[in-house]
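K.L.:
Starting off with a structure, shown below.
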Amino acid sequence: MRKIPLLLFILSFRLLLPSVILGIRIPDKAAFSDIVAMTVFTSAMVAEILRGGLNGIPQGQWEAAASQGFSRYKTLRSIILPQALRKILVPMLGQLVTCLKDTSFLQVVGTSELMMNTIIMGKFKYSYQVIVLYALTALI
């Protein structure tokens, strides 16, 4: 997942995601595909952070809890997760910042579509109107 460029991921979802899913028509396919692409891309990173944080807790912690008669749920809640939270917190905040920065790719894809529509509209208008269309597109 790390080696796939996010822009390729967003474009793939934008082009391959159908407009109708399970008989439900999606009103704004672009926004829906962007949300799905960012969710899938980010969830893979978050899963790795969680896995690494939980695997970073020594096996002896599990064994000590079992020797004291803790259930699996109580071991996780009282012993493992508080320790893992310290290991997970910093990378998770880093991933949050990265996710916020990566949303700029959504704007890049949206702007290119806006420019493509301006070019298409410009072919059917008079030459002075094309300049106005490009100026309006640049303002947006």
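Each chain of the structure tokens is named A, B, ... in the order shown, its residues numbered from 1; ligands are numbered from 1 in display order.
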Residues of range 76-103 of chain A within 9 Å of range 23-40 of chain A: nearest atom pair and distance (Å, one decimal) for each, counting only C-alpha atoms, sorted by chain and number, as a tab-separated table?
P.N.:
```
residue	atom	partner	partner_atom	distance
A:Cys99	CA	A:Met38	CA	8.0
A:Asp102	CA	A:Met38	CA	8.5
A:Thr103	CA	A:Met38	CA	8.0
```
K.L.:
Generate a file of the selected residues that holds C-alpha atoms, formatted as a PDB file, in the first residue's frame.
P.N.:
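What follows is the written file result.pdb:
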```
ATOM      1  CA  CYS A  99      -3.974  12.544   5.646  1.00  0.00           C
ATOM      2  CA  ASP A 102      -2.974  14.359   1.131  1.00  0.00           C
ATOM      3  CA  THR A 103      -6.425  15.867   0.654  1.00  0.00           C
TER       4      THR A 103
END
```
K.L.:
Write out as an NGL selection string all residues of range 10-72 of chain A that backbone DSSP assigns to helix (DSSP H, G or I).
P.N.:
:A and (10-16 or 29-55 or 59-67 or 72)
K.L.:
Just list the residues in range 9-46 of chain A DSSP gives strand (DSSP E) on the backbone, as a short mmCIF file (atom, residue, chain, number, x, y, z; two decimals) with N, CA and C atoms, in the first residue's frame.
P.N.:
```
data_model
loop_
_atom_site.label_atom_id
_atom_site.label_comp_id
_atom_site.auth_asym_id
_atom_site.auth_seq_id
_atom_site.Cartn_x
_atom_site.Cartn_y
_atom_site.Cartn_z
N VAL A 20 -23.86 3.62 -9.81
CA VAL A 20 -24.96 2.99 -9.10
C VAL A 20 -24.40 1.79 -8.33
N ILE A 21 -24.63 1.78 -7.01
CA ILE A 21 -24.15 0.69 -6.17
C ILE A 21 -25.35 0.07 -5.47
N ILE A 24 -28.65 1.77 -5.72
CA ILE A 24 -28.74 3.13 -5.19
C ILE A 24 -27.88 4.04 -6.06
N ARG A 25 -28.51 5.06 -6.63
CA ARG A 25 -27.78 6.00 -7.48
C ARG A 25 -27.00 6.97 -6.59
#
```
K.L.:
Can you tell me, as an NGL selection string, what residues are no more than 10 Å from range 58-68 of chain A when counting only C-alpha atoms, ignoring any on the same chain fewer than 5 positions away?
P.N.:
:A and (74-76 or 78-80 or 83)
K.L.:
May I ask for the distance between CA of Ala84 in chain A and CA of Gly53 in chain A, given in Å to one decimal place?
P.N.:
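Atom-to-atom, CA of Ala84 in chain A to CA of Gly53 in chain A, that is 5.2 Å.
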K.L.:
Between CA of Tyr73 in chain A and CA of Leu93 in chain A, measure the distance and give it in Å to one decimal.
P.N.:
26.1 Å
